[in-house]
Amino acid sequence: MHGFANPARFLRIARWLMPLLLISGVVLAAGSLAWGLFFAPAEGLQGETVRILYVHVPSAWLGMGGWTAIAVASLVELVWRHPLAGIGARAIAVPGAVFTALCLVTGSLWGRPAWGTWWVWDGRLTSMLVLLFLYFGYAALAQAASGEGQGNSRVPAVFGLVGAVNIPIIHYSVLWWNSLHQPPSISVGKSAMALDFLVPLLIATLGFSLIFGGVVLARMRAILADIQAEARLRRKAGGLA
(Lines give C-alpha, C1' and ligand atoms only; values in the text may rest on other atoms or scores of the structure.)
Protein backbone atom coordinates (compact mmCIF):
# COMPACT_ATOMS: atom_id res chain seq x y z
CA MET A 1 0.00 0.00 0.00
CA HIS A 2 2.81 2.39 0.87
CA GLY A 3 4.31 1.76 -2.56
CA PHE A 4 1.66 4.14 -3.93
CA ALA A 5 2.19 6.71 -1.18
CA ASN A 6 4.76 8.57 -3.23
CA PRO A 7 2.95 11.52 -4.86
CA ALA A 8 5.18 11.40 -7.95
CA ARG A 9 4.38 7.72 -8.53
CA PHE A 10 0.70 8.35 -7.94
CA LEU A 11 0.67 11.23 -10.43
CA ARG A 12 2.33 9.09 -13.09
CA ILE A 13 -0.37 6.43 -12.67
CA ALA A 14 -3.23 8.94 -12.46
CA ARG A 15 -2.08 10.73 -15.61
CA TRP A 16 -3.14 7.82 -17.86
CA LEU A 17 -5.70 6.16 -15.58
CA MET A 18 -7.89 9.24 -15.14
CA PRO A 19 -8.80 9.74 -18.82
CA LEU A 20 -9.23 5.99 -19.24
CA LEU A 21 -11.79 5.89 -16.42
CA LEU A 22 -13.61 9.01 -17.61
CA ILE A 23 -13.86 8.01 -21.27
CA SER A 24 -14.89 4.40 -20.59
CA GLY A 25 -17.34 5.56 -17.93
CA VAL A 26 -19.01 8.09 -20.23
CA VAL A 27 -19.32 5.50 -23.01
CA LEU A 28 -20.84 2.87 -20.71
CA ALA A 29 -23.14 5.30 -18.91
CA ALA A 30 -24.38 6.90 -22.14
CA GLY A 31 -24.95 3.52 -23.79
CA SER A 32 -26.80 2.06 -20.83
CA LEU A 33 -28.95 5.17 -20.38
CA ALA A 34 -29.88 5.14 -24.06
CA TRP A 35 -30.73 1.45 -23.72
CA GLY A 36 -32.75 1.97 -20.56
CA LEU A 37 -34.52 5.12 -21.68
CA PHE A 38 -35.39 4.21 -25.27
CA PHE A 39 -35.27 0.44 -25.69
CA ALA A 40 -36.06 -1.20 -22.33
CA PRO A 41 -39.78 -1.87 -21.81
CA ALA A 42 -41.98 0.05 -19.42
CA GLU A 43 -42.66 -1.67 -16.09
CA GLY A 44 -46.08 -3.19 -15.47
CA LEU A 45 -46.91 -1.18 -12.33
CA GLN A 46 -44.64 1.87 -12.53
CA GLY A 47 -44.95 2.44 -16.26
CA GLU A 48 -42.48 4.85 -17.84
CA THR A 49 -41.37 6.27 -14.48
CA VAL A 50 -39.29 3.13 -13.93
CA ARG A 51 -36.68 4.65 -16.26
CA ILE A 52 -35.62 7.00 -13.45
CA LEU A 53 -33.97 4.00 -11.74
CA TYR A 54 -31.12 4.00 -14.30
CA VAL A 55 -29.91 7.24 -12.72
CA HIS A 56 -31.44 7.01 -9.25
CA VAL A 57 -30.05 3.63 -8.19
CA PRO A 58 -26.43 4.21 -9.34
CA SER A 59 -26.52 7.64 -7.67
CA ALA A 60 -27.72 6.10 -4.40
CA TRP A 61 -25.05 3.39 -4.47
CA LEU A 62 -22.30 5.89 -5.28
CA GLY A 63 -23.49 8.29 -2.60
CA MET A 64 -23.18 5.55 0.01
CA GLY A 65 -20.06 4.07 -1.58
CA GLY A 66 -18.39 7.46 -1.60
CA TRP A 67 -18.78 7.89 2.14
CA THR A 68 -17.63 4.32 2.72
CA ALA A 69 -14.47 5.18 0.77
CA ILE A 70 -14.04 8.34 2.86
CA ALA A 71 -14.29 6.24 6.03
CA VAL A 72 -11.71 3.73 4.75
CA ALA A 73 -9.35 6.52 3.67
CA SER A 74 -9.83 8.23 7.04
CA LEU A 75 -8.93 5.02 8.86
CA VAL A 76 -5.81 4.60 6.72
CA GLU A 77 -4.85 8.21 7.38
CA LEU A 78 -5.28 7.91 11.14
CA VAL A 79 -3.68 4.48 11.62
CA TRP A 80 -1.02 4.20 8.91
CA ARG A 81 -0.39 7.91 8.22
CA HIS A 82 -0.73 7.27 4.49
CA PRO A 83 0.06 10.64 2.89
CA LEU A 84 -2.45 10.30 0.05
CA ALA A 85 -5.34 8.93 2.14
CA GLY A 86 -6.49 12.31 3.40
CA ILE A 87 -6.17 13.81 -0.08
CA GLY A 88 -8.22 10.94 -1.49
CA ALA A 89 -10.94 11.46 1.11
CA ARG A 90 -11.07 15.19 0.33
CA ALA A 91 -11.31 14.41 -3.38
CA ILE A 92 -14.25 12.05 -2.84
CA ALA A 93 -16.38 14.55 -0.89
CA VAL A 94 -17.62 16.71 -3.77
CA PRO A 95 -18.55 13.95 -6.27
CA GLY A 96 -20.05 11.98 -3.39
CA ALA A 97 -22.24 14.96 -2.48
CA VAL A 98 -23.23 15.44 -6.13
CA PHE A 99 -24.38 11.84 -6.53
CA THR A 100 -26.20 11.95 -3.19
CA ALA A 101 -28.04 15.11 -4.27
CA LEU A 102 -28.83 13.49 -7.63
CA CYS A 103 -30.23 10.49 -5.78
CA LEU A 104 -32.52 12.73 -3.72
CA VAL A 105 -33.70 14.72 -6.76
CA THR A 106 -34.44 11.67 -8.90
CA GLY A 107 -36.07 9.97 -5.92
CA SER A 108 -38.42 12.95 -5.56
CA LEU A 109 -39.21 12.82 -9.28
CA TRP A 110 -40.09 9.15 -8.91
CA GLY A 111 -41.96 9.67 -5.64
CA ARG A 112 -44.38 12.25 -7.02
CA PRO A 113 -46.25 9.82 -9.32
CA ALA A 114 -45.62 6.78 -7.10
CA TRP A 115 -46.52 8.25 -3.69
CA GLY A 116 -48.43 11.37 -4.68
CA THR A 117 -45.89 13.67 -3.02
CA TRP A 118 -42.41 14.99 -3.71
CA TRP A 119 -41.09 14.22 -0.23
CA VAL A 120 -41.93 12.25 2.91
CA TRP A 121 -39.91 11.97 6.10
CA ASP A 122 -39.35 8.31 5.34
CA GLY A 123 -36.43 6.50 7.00
CA ARG A 124 -34.58 5.98 3.69
CA LEU A 125 -35.12 9.51 2.42
CA THR A 126 -34.27 11.14 5.74
CA SER A 127 -31.07 9.16 6.27
CA MET A 128 -30.01 9.93 2.68
CA LEU A 129 -30.60 13.63 3.33
CA VAL A 130 -28.46 13.32 6.46
CA LEU A 131 -25.73 11.81 4.26
CA LEU A 132 -25.82 14.89 2.02
CA PHE A 133 -25.38 17.13 5.07
CA LEU A 134 -22.50 14.93 6.23
CA TYR A 135 -20.79 15.47 2.88
CA PHE A 136 -21.23 19.23 3.26
CA GLY A 137 -19.83 19.08 6.79
CA TYR A 138 -16.85 16.96 5.74
CA ALA A 139 -16.03 19.25 2.82
CA ALA A 140 -16.14 22.30 5.12
CA LEU A 141 -13.94 20.62 7.74
CA ALA A 142 -11.44 19.44 5.12
CA GLN A 143 -11.26 22.93 3.63
CA ALA A 144 -10.72 24.49 7.06
CA ALA A 145 -8.09 21.90 8.02
CA SER A 146 -6.07 22.22 4.80
CA GLY A 147 -2.81 23.97 5.55
CA GLU A 148 -3.27 23.56 9.31
CA GLY A 149 -1.20 21.44 11.66
CA GLN A 150 -1.40 17.66 11.79
CA GLY A 151 -3.73 17.68 14.80
CA ASN A 152 -6.31 19.77 12.95
CA SER A 153 -5.88 17.73 9.78
CA ARG A 154 -7.08 14.66 11.67
CA VAL A 155 -10.44 16.25 12.52
CA PRO A 156 -11.97 15.50 9.08
CA ALA A 157 -10.67 11.91 9.31
CA VAL A 158 -12.41 11.40 12.66
CA PHE A 159 -15.57 12.95 11.23
CA GLY A 160 -15.34 10.61 8.23
CA LEU A 161 -15.23 7.58 10.50
CA VAL A 162 -18.06 8.75 12.75
CA GLY A 163 -20.26 9.62 9.77
CA ALA A 164 -19.95 6.04 8.49
CA VAL A 165 -22.52 5.06 11.14
CA ASN A 166 -25.16 6.47 8.79
CA ILE A 167 -24.37 4.02 5.97
CA PRO A 168 -25.91 0.89 7.56
CA ILE A 169 -28.84 3.05 8.69
CA ILE A 170 -29.50 3.99 5.05
CA HIS A 171 -29.12 0.40 3.90
CA TYR A 172 -31.38 -1.20 6.50
CA SER A 173 -33.87 1.67 6.95
CA VAL A 174 -36.46 0.02 4.69
CA LEU A 175 -36.28 -3.10 6.85
CA TRP A 176 -36.11 -1.50 10.29
CA TRP A 177 -39.01 0.94 9.87
CA ASN A 178 -42.39 0.96 8.16
CA SER A 179 -41.25 2.63 4.97
CA LEU A 180 -42.89 3.91 1.81
CA HIS A 181 -39.65 3.20 -0.01
CA GLN A 182 -39.58 -0.24 -1.57
CA PRO A 183 -37.23 -2.92 -0.13
CA PRO A 184 -33.98 -3.67 -2.00
CA SER A 185 -34.60 -5.35 -5.36
CA ILE A 186 -30.98 -6.50 -5.63
CA SER A 187 -29.02 -8.26 -2.90
CA VAL A 188 -25.96 -10.45 -2.76
CA GLY A 189 -26.49 -13.45 -5.04
CA LYS A 190 -30.07 -12.70 -6.06
CA SER A 191 -32.27 -10.15 -7.78
CA ALA A 192 -36.01 -9.59 -7.97
CA MET A 193 -35.55 -7.49 -11.11
CA ALA A 194 -36.14 -8.76 -14.64
CA LEU A 195 -33.09 -8.93 -16.91
CA ASP A 196 -34.59 -6.26 -19.21
CA PHE A 197 -34.12 -3.79 -16.36
CA LEU A 198 -31.22 -5.39 -14.49
CA VAL A 199 -28.64 -5.48 -17.30
CA PRO A 200 -28.80 -1.79 -18.29
CA LEU A 201 -28.95 -0.86 -14.61
CA LEU A 202 -25.73 -2.77 -13.82
CA ILE A 203 -23.98 -1.29 -16.86
CA ALA A 204 -25.12 2.21 -15.87
CA THR A 205 -23.81 1.63 -12.36
CA LEU A 206 -20.44 0.52 -13.74
CA GLY A 207 -20.31 3.53 -16.06
CA PHE A 208 -21.15 6.02 -13.32
CA SER A 209 -18.65 4.32 -11.00
CA LEU A 210 -15.87 4.74 -13.56
CA ILE A 211 -16.80 8.41 -13.97
CA PHE A 212 -16.75 8.76 -10.19
CA GLY A 213 -13.27 7.24 -10.02
CA GLY A 214 -11.99 9.46 -12.84
CA VAL A 215 -13.34 12.61 -11.16
CA VAL A 216 -11.75 11.59 -7.85
CA LEU A 217 -8.36 11.11 -9.53
CA ALA A 218 -8.72 14.48 -11.26
CA ARG A 219 -9.50 16.16 -7.95
CA MET A 220 -6.58 14.42 -6.23
CA ARG A 221 -4.24 15.70 -8.94
CA ALA A 222 -5.64 19.22 -8.48
CA ILE A 223 -5.24 19.08 -4.70
CA LEU A 224 -1.66 17.83 -5.01
CA ALA A 225 -0.91 20.61 -7.50
CA ASP A 226 -2.26 23.19 -5.04
CA ILE A 227 -0.15 21.72 -2.22
CA GLN A 228 2.98 21.76 -4.37
CA ALA A 229 2.32 25.33 -5.52
CA GLU A 230 1.78 26.46 -1.93
CA ALA A 231 5.01 24.75 -0.86
CA ARG A 232 6.96 26.56 -3.60
CA LEU A 233 5.48 29.90 -2.54
CA ARG A 234 6.46 29.26 1.07
CA ARG A 235 10.02 28.39 0.04
CA LYS A 236 10.26 31.59 -2.00
CA ALA A 237 8.83 33.62 0.86
CA GLY A 238 11.34 32.02 3.24
CA GLY A 239 14.20 32.84 0.88
CA LEU A 240 13.15 36.47 0.68
CA ALA A 241 12.80 36.83 4.44
# chains A, B, ... in the order shown; residues from 1 in each chain; ligands from 1
call {"tool": "residues_around", "arguments": {"residues": "region 134-149 of chain A", "least_positions_apart": "2", "cutoff": "9 Å", "atoms": "only C-alpha atoms", "output": "list in words"}}
result
Trp67, Gly86, Ala89, Arg90, Ala93, Val94, Gly96, Ala97, Thr100, Leu129, Val130, Leu131, Leu132, Gly151, Asn152, Ser153, Arg154, Val155, Pro156, Ala157, Phe159, Gly160, Gly163 and Ile227 of chain A
call {"tool": "residues_around", "arguments": {"residues": "Val165 (chain A)", "least_positions_apart": "5", "cutoff": "10 Å", "atoms": "only C-alpha atoms", "output": "CSV table (one decimal) with N, CA and C atoms, in the first residue's frame"}}
result
chain,number,residue,atom,x,y,z
A,68,THR,N,-18.4,5.5,2.3
A,68,THR,CA,-17.6,4.3,2.7
A,68,THR,C,-16.2,4.5,2.4
A,71,ALA,N,-14.6,6.9,4.7
A,71,ALA,CA,-14.3,6.2,6.0
A,71,ALA,C,-13.0,5.4,6.0
A,160,GLY,N,-15.0,11.6,9.3
A,160,GLY,CA,-15.3,10.6,8.2
A,160,GLY,C,-15.7,9.2,8.8
A,170,ILE,N,-28.9,3.8,6.4
A,170,ILE,CA,-29.5,4.0,5.1
A,170,ILE,C,-29.9,2.6,4.5
call {"tool": "select_by_dssp", "arguments": {"residues": "region 101-202 of chain A", "states": "strand (DSSP E or B)", "output": "number ranges by chain"}}
result
A: 186-187, 190-191
call {"tool": "atom_distance", "arguments": {"atom1": "CA of Gly66 (chain A)", "atom2": "CA of Phe212 (chain A)"}}
result
8.8 Å
call {"tool": "residues_around", "arguments": {"residues": "Asp196 (chain A)", "least_positions_apart": "4", "cutoff": "10 Å", "atoms": "only C-alpha atoms", "output": "ChimeraX atom specification"}}
result
/A:35-36,39-43,200-201
call {"tool": "closest_residue", "arguments": {"among": "A:Met128, A:Val162, A:Ile92, A:Ala8", "to": "Leu75 (chain A)", "atoms": "only C-alpha atoms"}}
result
A:Val162
call {"tool": "closest_atom_pairs", "arguments": {"of": "region 101-162 of chain A", "to": "region 47-62 of chain A", "cutoff": "12 Å", "atoms": "only C-alpha atoms", "output": "tab-separated table"}}
result
residue	atom	partner	partner_atom	distance
A:Ala101	CA	A:Ser59	CA	8.3
A:Leu102	CA	A:Ser59	CA	6.3
A:Cys103	CA	A:Ser59	CA	5.0
A:Leu104	CA	A:His56	CA	8.0
A:Val105	CA	A:His56	CA	8.4
A:Thr106	CA	A:His56	CA	5.6
A:Gly107	CA	A:His56	CA	6.4
A:Ser108	CA	A:His56	CA	9.9
A:Leu109	CA	A:Ile52	CA	8.0
A:Trp110	CA	A:Thr49	CA	6.4
A:Gly111	CA	A:Thr49	CA	9.5
A:Arg112	CA	A:Thr49	CA	10.0
A:Pro113	CA	A:Thr49	CA	7.9
A:Ala114	CA	A:Thr49	CA	8.5
A:Arg124	CA	A:Ala60	CA	10.6
A:Leu125	CA	A:Ala60	CA	10.6
A:Ser127	CA	A:Ala60	CA	11.6
A:Met128	CA	A:Ala60	CA	8.4
A:Leu129	CA	A:Ala60	CA	11.2
A:Leu131	CA	A:Ala60	CA	10.6
A:Leu132	CA	A:Ala60	CA	11.1
call {"tool": "write_last_selection", "arguments": {"atoms": "N, CA and C atoms", "output": "short mmCIF file (atom, residue, chain, number, x, y, z; two decimals), in the first residue's frame"}}
result
data_model
loop_
_atom_site.label_atom_id
_atom_site.label_comp_id
_atom_site.auth_asym_id
_atom_site.auth_seq_id
_atom_site.Cartn_x
_atom_site.Cartn_y
_atom_site.Cartn_z
N ALA A 101 -27.01 14.14 -3.90
CA ALA A 101 -28.04 15.11 -4.27
C ALA A 101 -28.84 14.62 -5.48
N LEU A 102 -28.14 14.03 -6.45
CA LEU A 102 -28.83 13.49 -7.63
C LEU A 102 -29.78 12.36 -7.25
N CYS A 103 -29.36 11.55 -6.29
CA CYS A 103 -30.23 10.49 -5.78
C CYS A 103 -31.50 11.07 -5.17
N LEU A 104 -31.36 12.12 -4.37
CA LEU A 104 -32.52 12.73 -3.72
C LEU A 104 -33.46 13.38 -4.75
N VAL A 105 -32.88 14.05 -5.75
CA VAL A 105 -33.70 14.72 -6.76
C VAL A 105 -34.46 13.70 -7.59
N THR A 106 -33.76 12.67 -8.09
CA THR A 106 -34.44 11.67 -8.90
C THR A 106 -35.43 10.86 -8.07
N GLY A 107 -35.12 10.65 -6.79
CA GLY A 107 -36.07 9.97 -5.92
C GLY A 107 -37.35 10.77 -5.75
N SER A 108 -37.22 12.10 -5.66
CA SER A 108 -38.42 12.95 -5.56
C SER A 108 -39.22 12.91 -6.85
N LEU A 109 -38.52 12.90 -8.00
CA LEU A 109 -39.21 12.82 -9.28
C LEU A 109 -39.98 11.51 -9.41
N TRP A 110 -39.40 10.44 -8.88
CA TRP A 110 -40.09 9.15 -8.91
C TRP A 110 -41.23 9.11 -7.87
N GLY A 111 -40.98 9.73 -6.71
CA GLY A 111 -41.96 9.67 -5.64
C GLY A 111 -43.25 10.42 -5.93
N ARG A 112 -43.17 11.47 -6.74
CA ARG A 112 -44.38 12.25 -7.02
C ARG A 112 -45.47 11.41 -7.67
N PRO A 113 -45.19 10.66 -8.76
CA PRO A 113 -46.25 9.82 -9.32
C PRO A 113 -46.50 8.55 -8.51
N ALA A 114 -45.46 8.05 -7.81
CA ALA A 114 -45.62 6.78 -7.10
C ALA A 114 -46.32 6.96 -5.76
N ARG A 124 -35.59 6.00 4.75
CA ARG A 124 -34.58 5.98 3.69
C ARG A 124 -34.28 7.39 3.19
N LEU A 125 -35.32 8.16 2.94
CA LEU A 125 -35.12 9.51 2.42
C LEU A 125 -34.42 10.41 3.44
N SER A 127 -32.46 9.54 6.05
CA SER A 127 -31.07 9.16 6.27
C SER A 127 -30.20 9.52 5.07
N MET A 128 -30.77 9.51 3.87
CA MET A 128 -30.01 9.93 2.68
C MET A 128 -29.79 11.43 2.71
N LEU A 129 -30.77 12.19 3.18
CA LEU A 129 -30.60 13.63 3.33
C LEU A 129 -29.52 13.93 4.37
N LEU A 131 -26.99 12.09 4.94
CA LEU A 131 -25.73 11.81 4.26
C LEU A 131 -25.27 13.02 3.45
N LEU A 132 -26.19 13.70 2.78
CA LEU A 132 -25.82 14.89 2.02
C LEU A 132 -25.26 15.96 2.95
#
call {"tool": "closest_residue", "arguments": {"among": "A:Asn6, A:Thr117, A:Arg12, A:Gly25", "to": "His82 (chain A)", "atoms": "only C-alpha atoms"}}
result
A:Asn6
call {"tool": "closest_residue", "arguments": {"among": "A:Met64, A:Ala91, A:Leu175, A:Leu78", "to": "Val215 (chain A)", "atoms": "only C-alpha atoms"}}
result
A:Ala91
call {"tool": "closest_residue", "arguments": {"among": "A:Val98, A:Val199, A:Leu161, A:Ala85", "to": "Phe133 (chain A)", "atoms": "only C-alpha atoms"}}
result
A:Val98
call {"tool": "closest_residue", "arguments": {"among": "A:Val76, A:Val27, A:Leu33, A:Pro95", "to": "Leu217 (chain A)", "atoms": "only C-alpha atoms"}}
result
A:Pro95
call {"tool": "atom_distance", "arguments": {"atom1": "CA of Ala29 (chain A)", "atom2": "CA of Phe208 (chain A)"}}
result
6.0 Å
call {"tool": "residues_around", "arguments": {"residues": "Leu17 (chain A)", "least_positions_apart": "2", "cutoff": "12 Å", "atoms": "only C-alpha atoms", "output": "PyMOL selection string"}}
result
chain A and resi 10-15+19-25+210-211+213-218+221
call {"tool": "write_last_selection", "arguments": {"atoms": "N, CA and C atoms", "output": "CSV table (one decimal), in the first residue's frame"}}
result
chain,number,residue,atom,x,y,z
A,10,PHE,N,2.1,8.3,-7.8
A,10,PHE,CA,0.7,8.4,-7.9
A,10,PHE,C,0.3,9.2,-9.1
A,11,LEU,N,1.0,10.3,-9.3
A,11,LEU,CA,0.7,11.2,-10.4
A,11,LEU,C,1.0,10.6,-11.8
A,12,ARG,N,2.0,9.8,-11.8
A,12,ARG,CA,2.3,9.1,-13.1
A,12,ARG,C,1.2,8.1,-13.4
A,13,ILE,N,0.7,7.4,-12.4
A,13,ILE,CA,-0.4,6.4,-12.7
A,13,ILE,C,-1.7,7.2,-13.0
A,14,ALA,N,-2.0,8.2,-12.3
A,14,ALA,CA,-3.2,8.9,-12.5
A,14,ALA,C,-3.3,9.6,-13.8
A,15,ARG,N,-2.1,10.0,-14.4
A,15,ARG,CA,-2.1,10.7,-15.6
A,15,ARG,C,-2.7,9.9,-16.7
A,19,PRO,N,-8.0,9.7,-17.6
A,19,PRO,CA,-8.8,9.7,-18.8
A,19,PRO,C,-9.4,8.4,-19.2
A,20,LEU,N,-8.7,7.3,-18.9
A,20,LEU,CA,-9.2,6.0,-19.2
A,20,LEU,C,-10.5,5.7,-18.5
A,21,LEU,N,-10.6,6.1,-17.2
A,21,LEU,CA,-11.8,5.9,-16.4
A,21,LEU,C,-12.9,6.8,-16.9
A,22,LEU,N,-12.6,8.1,-17.2
A,22,LEU,CA,-13.6,9.0,-17.6
A,22,LEU,C,-14.2,8.6,-19.0
A,23,ILE,N,-13.4,8.3,-19.9
A,23,ILE,CA,-13.9,8.0,-21.3
A,23,ILE,C,-14.7,6.7,-21.3
A,24,SER,N,-14.1,5.7,-20.6
A,24,SER,CA,-14.9,4.4,-20.6
A,24,SER,C,-16.2,4.6,-19.8
A,25,GLY,N,-16.1,5.3,-18.7
A,25,GLY,CA,-17.3,5.6,-17.9
A,25,GLY,C,-18.4,6.3,-18.7
A,210,LEU,N,-17.1,4.4,-12.9
A,210,LEU,CA,-15.9,4.7,-13.6
A,210,LEU,C,-15.7,6.3,-13.7
A,211,ILE,N,-16.8,6.9,-14.0
A,211,ILE,CA,-16.8,8.4,-14.0
A,211,ILE,C,-16.4,8.9,-12.6
A,213,GLY,N,-14.7,7.5,-10.3
A,213,GLY,CA,-13.3,7.2,-10.0
A,213,GLY,C,-12.4,8.2,-10.8
A,214,GLY,N,-12.8,8.5,-12.1
A,214,GLY,CA,-12.0,9.5,-12.8
A,214,GLY,C,-12.0,10.9,-12.3
A,215,VAL,N,-13.2,11.3,-11.8
A,215,VAL,CA,-13.3,12.6,-11.2
A,215,VAL,C,-12.5,12.7,-9.9
A,216,VAL,N,-12.5,11.6,-9.1
A,216,VAL,CA,-11.7,11.6,-7.8
A,216,VAL,C,-10.3,11.7,-8.2
A,217,LEU,N,-9.8,11.0,-9.2
A,217,LEU,CA,-8.4,11.1,-9.5
A,217,LEU,C,-8.0,12.5,-10.0
A,218,ALA,N,-8.9,13.1,-10.8
A,218,ALA,CA,-8.7,14.5,-11.3
A,218,ALA,C,-8.6,15.5,-10.1
A,221,ARG,N,-5.3,15.0,-8.2
A,221,ARG,CA,-4.2,15.7,-8.9
A,221,ARG,C,-4.3,17.2,-8.7
call {"tool": "decode", "arguments": {"residues": "region 54-87 of chain A", "atoms": "N, CA and C atoms", "output": "short mmCIF file (atom, residue, chain, number, x, y, z; two decimals), in the first residue's frame"}}
result
data_model
loop_
_atom_site.label_atom_id
_atom_site.label_comp_id
_atom_site.auth_asym_id
_atom_site.auth_seq_id
_atom_site.Cartn_x
_atom_site.Cartn_y
_atom_site.Cartn_z
N TYR A 54 -32.43 4.13 -13.67
CA TYR A 54 -31.12 4.00 -14.30
C TYR A 54 -30.17 5.13 -13.88
N VAL A 55 -30.72 6.19 -13.31
CA VAL A 55 -29.91 7.24 -12.72
C VAL A 55 -30.00 7.20 -11.20
N HIS A 56 -31.20 6.94 -10.70
CA HIS A 56 -31.44 7.01 -9.25
C HIS A 56 -30.65 5.94 -8.48
N VAL A 57 -30.71 4.71 -8.94
CA VAL A 57 -30.05 3.63 -8.19
C VAL A 57 -28.53 3.76 -8.21
N PRO A 58 -27.88 4.00 -9.38
CA PRO A 58 -26.43 4.21 -9.34
C PRO A 58 -26.03 5.40 -8.47
N SER A 59 -26.83 6.47 -8.49
CA SER A 59 -26.52 7.64 -7.67
C SER A 59 -26.59 7.29 -6.19
N ALA A 60 -27.60 6.50 -5.80
CA ALA A 60 -27.72 6.10 -4.40
C ALA A 60 -26.53 5.24 -3.97
N TRP A 61 -26.17 4.27 -4.80
CA TRP A 61 -25.05 3.39 -4.47
C TRP A 61 -23.75 4.19 -4.37
N LEU A 62 -23.54 5.12 -5.29
CA LEU A 62 -22.30 5.89 -5.28
C LEU A 62 -22.29 6.90 -4.14
N GLY A 63 -23.44 7.42 -3.76
CA GLY A 63 -23.49 8.29 -2.60
C GLY A 63 -23.05 7.56 -1.34
N MET A 64 -23.59 6.34 -1.15
CA MET A 64 -23.18 5.55 0.01
C MET A 64 -21.76 5.02 -0.14
N GLY A 65 -21.41 4.57 -1.35
CA GLY A 65 -20.06 4.07 -1.58
C GLY A 65 -19.00 5.13 -1.40
N GLY A 66 -19.34 6.37 -1.78
CA GLY A 66 -18.39 7.46 -1.60
C GLY A 66 -18.05 7.69 -0.14
N TRP A 67 -19.08 7.68 0.72
CA TRP A 67 -18.78 7.89 2.14
C TRP A 67 -18.06 6.68 2.72
N THR A 68 -18.37 5.49 2.26
CA THR A 68 -17.63 4.32 2.72
C THR A 68 -16.16 4.46 2.37
N ALA A 69 -15.86 4.96 1.16
CA ALA A 69 -14.47 5.18 0.77
C ALA A 69 -13.82 6.27 1.62
N ILE A 70 -14.58 7.31 1.97
CA ILE A 70 -14.04 8.34 2.86
C ILE A 70 -13.68 7.74 4.21
N ALA A 71 -14.56 6.87 4.73
CA ALA A 71 -14.29 6.24 6.03
C ALA A 71 -13.05 5.37 5.97
N VAL A 72 -12.90 4.59 4.89
CA VAL A 72 -11.71 3.73 4.75
C VAL A 72 -10.46 4.58 4.64
N ALA A 73 -10.50 5.64 3.82
CA ALA A 73 -9.35 6.52 3.67
C ALA A 73 -9.02 7.22 4.98
N SER A 74 -10.05 7.59 5.74
CA SER A 74 -9.83 8.23 7.04
C SER A 74 -9.15 7.28 8.01
N LEU A 75 -9.57 6.01 8.00
CA LEU A 75 -8.93 5.02 8.86
C LEU A 75 -7.46 4.83 8.47
N VAL A 76 -7.19 4.76 7.19
CA VAL A 76 -5.81 4.60 6.72
C VAL A 76 -4.98 5.82 7.11
N GLU A 77 -5.57 7.00 7.01
CA GLU A 77 -4.85 8.21 7.38
C GLU A 77 -4.52 8.24 8.86
N LEU A 78 -5.48 7.85 9.70
CA LEU A 78 -5.28 7.91 11.14
C LEU A 78 -4.33 6.82 11.65
N VAL A 79 -4.44 5.62 11.09
CA VAL A 79 -3.68 4.48 11.62
C VAL A 79 -2.31 4.37 10.96
N TRP A 80 -2.28 4.45 9.63
CA TRP A 80 -1.02 4.20 8.91
C TRP A 80 -0.36 5.47 8.41
N ARG A 81 -0.96 6.63 8.65
CA ARG A 81 -0.39 7.91 8.22
C ARG A 81 -0.09 7.94 6.72
N HIS A 82 -0.93 7.30 5.94
CA HIS A 82 -0.73 7.27 4.49
C HIS A 82 -0.89 8.68 3.95
N PRO A 83 0.11 9.23 3.28
CA PRO A 83 0.06 10.64 2.89
C PRO A 83 -1.01 10.99 1.86
N LEU A 84 -1.44 10.02 1.06
CA LEU A 84 -2.45 10.30 0.05
C LEU A 84 -3.87 9.97 0.52
N ALA A 85 -4.01 9.35 1.67
CA ALA A 85 -5.34 8.93 2.14
C ALA A 85 -6.23 10.13 2.40
N GLY A 86 -5.69 11.12 3.12
CA GLY A 86 -6.49 12.31 3.40
C GLY A 86 -6.85 13.07 2.14
N ILE A 87 -5.90 13.14 1.20
CA ILE A 87 -6.17 13.81 -0.08
C ILE A 87 -7.26 13.06 -0.84
#
